[in-house]
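Only one structure is covered here, and it is reproduced in the block below.
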Amino acid sequence: MQHILIADDNRDITDILATYSKMEGFEPVVAGDGEEAIKLFHQYNPEVVLLDVMMPKEDGYEVCRKIRSKSNVPVILITARGEDFDKIMGLDIGADDYIVKPFSPREVMARVRAVMRRMTKTTKEVSSDNTISVGNLVINLDEYTLHIGGNKMSLTKKEIETMWTLASNPNKVFTRDNLLDSLWGFDYFGDSRTVDSHIKRLRAKLDAVDHPSWNIKTIWGVGYKFEIEE
């Protein structure tokens with residue numbers, strides 16, 4: 001039986017999400033606060049996590065960080081706050097999707113199916129060749145690590161996936177919508193400039209180490225590409 005962890009301090013929300021999860025074939029595990037969510041995560045090792053941001057004891061962001069330090073399980077954040085800053089923060093710490101309340105439980109289940117399909121697809125794609133090496137860059141998706149010149153970079157799961165997507169297709173231009181679809185797999189809920197903020201944060205980390213043979217280049221008015229320098 002596949003478990004789904006549902007963490008929210010609102011019992012009405014957990015009840016309805018648990019009901020719809022059972023209809024999808026999941027066995028729901030429900031937590032009412034962040035500390036309980038972490039405990040149940042380690043106990044049940046769920047296939048997917050639905051995580052409210054505003055919870056007592058530990059908020060959803062902190063729970064997501066702790067899950068990401070141990071696992072690449074799909075995490076969907078659910079919150080009443082829809083500001084771009086909150087969305088960017090959630091995606092940057094490694095969440096796979098972000099849903100703003102009020103929501104349709106059917107939409108939540110559709111997002112769950114989508115993130116699980118993407119996880120399965122990614123696993124299949126990298127099973128035979130899980131490492132990319134370009135110049136002094138090495139990305140390993142088995143270990144979710146990225147090294148530049150032997151230096152292990154402190155990147156989030158989504159930042160590593162962004163680099164994998166770009167570096168797997170050198171000199172190919174990705175539009176912002178391409179990247180949203182490839183990395184998050186859903187019709188975006190707001191301003192596509194969130195991609196710009198995500199790339200800006202990623203570049204700031206990468207540029208801490210010299211990488212003269214490659215770069216993430218902005219194609220103005222279009223998007224980004226991984227450019228191999230001649």
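Ordered as shown in the structure tokens, chains take letters A, B, and onward, while each chain numbers its residues from 1 and ligands are numbered from 1 in the order shown.
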
**Item:** helix (DSSP H, G or I) residues, from DSSP on the backbone, in stretch 95-206 of chain A, as a ChimeraX atom specification
**Value:** /A:105-126,157-167,176-183,193-206

Written file, previous selection with C-alpha atoms, as an mmCIF file, in the first residue's frame:
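Now in result-v5.cif:
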data_model
loop_
_atom_site.group_PDB
_atom_site.id
_atom_site.type_symbol
_atom_site.label_atom_id
_atom_site.label_comp_id
_atom_site.auth_asym_id
_atom_site.auth_seq_id
_atom_site.Cartn_x
_atom_site.Cartn_y
_atom_site.Cartn_z
ATOM 1 C CA PRO A 105 -9.387 18.395 -3.725
ATOM 2 C CA ARG A 106 -9.610 16.977 -7.241
ATOM 3 C CA GLU A 107 -6.951 19.483 -8.337
ATOM 4 C CA VAL A 108 -4.730 18.417 -5.435
ATOM 5 C CA MET A 109 -5.030 14.779 -6.477
ATOM 6 C CA ALA A 110 -4.250 15.742 -10.083
ATOM 7 C CA ARG A 111 -1.092 17.486 -8.852
ATOM 8 C CA VAL A 112 -0.182 14.387 -6.825
ATOM 9 C CA ARG A 113 -0.519 12.195 -9.917
ATOM 10 C CA ALA A 114 1.560 14.671 -11.933
ATOM 11 C CA VAL A 115 4.488 14.861 -9.493
ATOM 12 C CA MET A 116 4.564 11.081 -9.153
ATOM 13 C CA ARG A 117 4.602 10.663 -12.946
ATOM 14 C CA ARG A 118 7.493 13.094 -13.174
ATOM 15 C CA MET A 119 9.378 11.289 -10.437
ATOM 16 C CA THR A 120 8.921 7.960 -12.247
ATOM 17 C CA LYS A 121 9.940 9.517 -15.578
ATOM 18 C CA THR A 122 13.083 11.086 -14.088
ATOM 19 C CA THR A 123 14.079 7.815 -12.426
ATOM 20 C CA LYS A 124 13.743 5.924 -15.710
ATOM 21 C CA GLU A 125 15.616 8.554 -17.695
ATOM 22 C CA VAL A 126 18.680 8.605 -15.412
ATOM 23 C CA LYS A 157 16.810 19.593 -5.170
ATOM 24 C CA LYS A 158 15.084 21.906 -7.650
ATOM 25 C CA GLU A 159 18.316 23.781 -8.397
ATOM 26 C CA ILE A 160 20.086 20.515 -9.194
ATOM 27 C CA GLU A 161 17.176 19.440 -11.404
ATOM 28 C CA THR A 162 17.348 22.811 -13.175
ATOM 29 C CA MET A 163 21.051 22.313 -13.874
ATOM 30 C CA TRP A 164 20.436 18.744 -15.039
ATOM 31 C CA THR A 165 17.727 19.919 -17.453
ATOM 32 C CA LEU A 166 19.884 22.691 -18.891
ATOM 33 C CA ALA A 167 23.206 20.809 -18.986
ATOM 34 C CA ARG A 176 10.430 30.183 -18.963
ATOM 35 C CA ASP A 177 7.339 28.125 -19.726
ATOM 36 C CA ASN A 178 9.549 25.232 -20.904
ATOM 37 C CA LEU A 179 11.375 25.239 -17.581
ATOM 38 C CA LEU A 180 8.176 25.488 -15.548
ATOM 39 C CA ASP A 181 6.684 22.572 -17.440
ATOM 40 C CA SER A 182 9.866 20.459 -17.299
ATOM 41 C CA LEU A 183 10.634 21.086 -13.644
ATOM 42 C CA ARG A 193 9.365 35.962 -13.486
ATOM 43 C CA THR A 194 9.582 33.452 -10.635
ATOM 44 C CA VAL A 195 11.822 31.483 -13.021
ATOM 45 C CA ASP A 196 14.109 34.511 -13.273
ATOM 46 C CA SER A 197 14.372 34.678 -9.479
ATOM 47 C CA HIS A 198 15.097 30.949 -9.326
ATOM 48 C CA ILE A 199 17.879 31.222 -11.946
ATOM 49 C CA LYS A 200 19.313 34.310 -10.234
ATOM 50 C CA ARG A 201 19.661 32.442 -6.934
ATOM 51 C CA LEU A 202 21.167 29.441 -8.711
ATOM 52 C CA ARG A 203 23.710 31.569 -10.569
ATOM 53 C CA ALA A 204 24.774 33.300 -7.345
ATOM 54 C CA LYS A 205 25.683 29.913 -5.871
ATOM 55 C CA LEU A 206 27.409 28.602 -9.000
#

From the DSSP assignment of the backbone, select every residue of chain A that is strand (DSSP E), and format the answer as a compact mmCIF listing (two decimals) with C-alpha atoms, in the first residue's frame.
# COMPACT_ATOMS: atom_id res chain seq x y z
CA GLN A 2 1.33 3.43 -0.96
CA HIS A 3 1.21 5.96 1.87
CA ILE A 4 0.53 9.67 1.48
CA LEU A 5 1.47 12.02 4.33
CA ILE A 6 -1.04 14.84 4.84
CA ALA A 7 0.14 17.52 7.29
CA PHE A 26 -3.38 5.76 -1.15
CA GLU A 27 -3.29 4.97 2.55
CA PRO A 28 -3.37 8.43 4.19
CA VAL A 29 -1.22 9.25 7.22
CA VAL A 30 -2.33 12.49 8.92
CA ALA A 31 -0.26 14.92 11.00
CA VAL A 48 4.22 11.72 -1.56
CA VAL A 49 3.77 14.51 1.02
CA LEU A 50 1.05 17.19 1.19
CA LEU A 51 2.38 19.86 3.51
CA ASP A 52 0.64 22.92 4.90
CA VAL A 75 6.46 17.34 -1.70
CA ILE A 76 3.48 19.59 -2.44
CA LEU A 77 3.11 22.69 -0.28
CA ILE A 78 -0.38 23.93 0.56
CA THR A 79 -0.92 27.41 1.97
CA ASP A 97 4.52 21.94 -6.40
CA TYR A 98 2.66 24.71 -4.60
CA ILE A 99 -1.12 25.01 -4.12
CA VAL A 100 -2.90 28.06 -2.67
CA THR A 131 25.89 11.53 -14.40
CA ILE A 132 26.65 14.58 -16.54
CA SER A 133 30.19 15.93 -16.86
CA VAL A 134 30.90 19.18 -18.69
CA LEU A 137 30.95 20.43 -13.74
CA VAL A 138 29.70 17.03 -12.53
CA ILE A 139 26.03 16.38 -11.76
CA ASN A 140 24.94 13.09 -10.21
CA THR A 145 24.92 16.24 -5.95
CA LEU A 146 26.62 18.87 -8.09
CA HIS A 147 30.37 19.50 -8.03
CA ILE A 148 32.35 22.28 -9.72
CA ASN A 151 33.81 21.51 -4.86
CA LYS A 152 30.44 20.17 -3.73
CA PHE A 174 14.52 26.91 -22.79
CA THR A 175 11.70 29.42 -22.44
CA TRP A 214 30.32 26.80 -19.41
CA ASN A 215 27.70 29.25 -18.26
CA ILE A 216 23.97 29.77 -17.87
CA LYS A 217 23.19 32.42 -20.45
CA THR A 218 20.12 34.63 -20.56
CA ILE A 219 18.41 34.89 -23.94
CA GLY A 223 14.61 32.31 -21.56
CA TYR A 224 17.87 30.54 -20.72
CA LYS A 225 20.39 28.07 -22.05
CA PHE A 226 23.42 26.15 -20.84
CA GLU A 227 26.20 27.53 -23.03
CA ILE A 228 29.48 25.71 -23.55

**Message:** Quick check, in Å to one decimal: how far apart do atom CA of A:Asp207 and atom CA of A:Gly135 lie?
**Reply:** 14.7 Å

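Of the listed residues A:Tyr20, A:Phe103, A:Phe41, A:Tyr144, the one whose atoms come nearest to A:Cys64 is A:Phe41, with distances taken using only C-alpha atoms.
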
**Complete:** From atom CA of A:Lys70 to atom CA of A:Ile16 the spacing works out at 28.4 Å

**Item:** Å distance separating atom CA of A:Ala80 from atom CA of A:Arg11, one decimal place
**Value:** 15.2 Å
